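These notes concern the structure reproduced below.
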Amino acid sequence: MTYGMIKKVFFLCIIAVSLWACQPTSPAQNNPLLQQGRTTYLSQCISCHNSDPKKDGAMGPAVFGSSRELLEARIMKGTYPENYAPKRSSTIMQPLPHLKKDLEALTIFLNHTP
């Protein structure tokens, strides 16, 4: 390779890296509630539910798209909202009231489409 070719390759690499680094981040990546919901879900929920909330877990059903009303009833009281038809008839899920502060974040995470 000649010195001129090396300069051209180096220049093209600089441009490529600059363009890659300047790409805007998605609004979702900057949403702290989305990140909090993801963290809470992965640390508290995947022992029963799948790490992919769109899939059924070992003991719990898929939870993607769950409403705030459903999450609050299940997490806070271990019940279902009035007139709600559960995906499974089990009552194995116990209330997790310590997650009250995370309800909004979980709702955002479980209803986020990447």
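So you can find residues: chains in the structure tokens are A, B, ... in the order shown, residues in each start at 1, and ligands are numbered from 1 in order.
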Exercise. Please provide as a ChimeraX atom specification all residues within 8 Å of A:Leu103, with the sequence filter that same-chain residues fewer than 2 positions apart are discarded (counting only C-alpha atoms).
Key: /A:68,71-72,99-101,105-107
Output C-alpha atoms for every residue in that selection, as a PDB file, in the first residue's frame.
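Result written to out28.pdb:
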```
ATOM      1  CA  ARG A  68     -51.148  -0.641  34.950  1.00  0.00           C
ATOM      2  CA  LEU A  71     -49.909  -4.944  37.390  1.00  0.00           C
ATOM      3  CA  GLU A  72     -51.139  -3.045  40.422  1.00  0.00           C
ATOM      4  CA  LEU A  99     -42.412  -3.065  44.221  1.00  0.00           C
ATOM      5  CA  LYS A 100     -45.035  -0.321  44.625  1.00  0.00           C
ATOM      6  CA  LYS A 101     -42.514   2.363  43.701  1.00  0.00           C
ATOM      7  CA  ALA A 105     -41.604   1.825  35.458  1.00  0.00           C
ATOM      8  CA  LEU A 106     -42.749  -1.791  35.039  1.00  0.00           C
ATOM      9  CA  THR A 107     -45.812  -0.629  33.104  1.00  0.00           C
TER      10      THR A 107
END
```
Quiz item: Which residues, written as a list in words, have at least one atom at most 9 Å from A:Arg74, with only C-alpha atoms counted and residues fewer than 6 positions away on the same chain left out?
Solution: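 These residues fall inside the cut-off: Tyr80, Pro81, Met93, Gln94, Pro95 and Leu96 of chain A.
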Quiz prompt | Computed interatomic separation between atom CA of A:His98 and atom CA of A:Met76 (Å) | solution = 8.3 Å
Quiz item: Can you tell me, as a list in words, what residues are no more than 7 Å from A:Val63 when counting only C-alpha atoms, ignoring any on the same chain fewer than 2 positions away?
Solution: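 My list of contacting residues is Pro53, Lys54, Pro61, Gly65, Ser66 and Leu110 of chain A.
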Quiz item: Using only C-alpha atoms, which of the listed residues (A:Leu42, A:Gly78, A:Cys48, A:Leu33) sits closest to A:Glu104?
Solution: A:Leu33
Quiz item: Rounded to one decimal in Å, what is the spacing between atom CA of A:Asp52 and atom CA of A:Phe109?
Solution: 11.2 Å
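Atom pair atom CA of A:Ser43 / atom CA of A:Ser89 has a distance of 24.6 Å (rounded to one decimal).
Residue neighbourhood of A:Gly60, excluding near-sequence residues (fewer than 4 positions): A:Ile46, A:Ser47, A:Cys48, A:His49, A:Asn50, A:Asp56, A:Arg88, A:Ile92, A:Met93, at 9 Å, using only C-alpha atoms.
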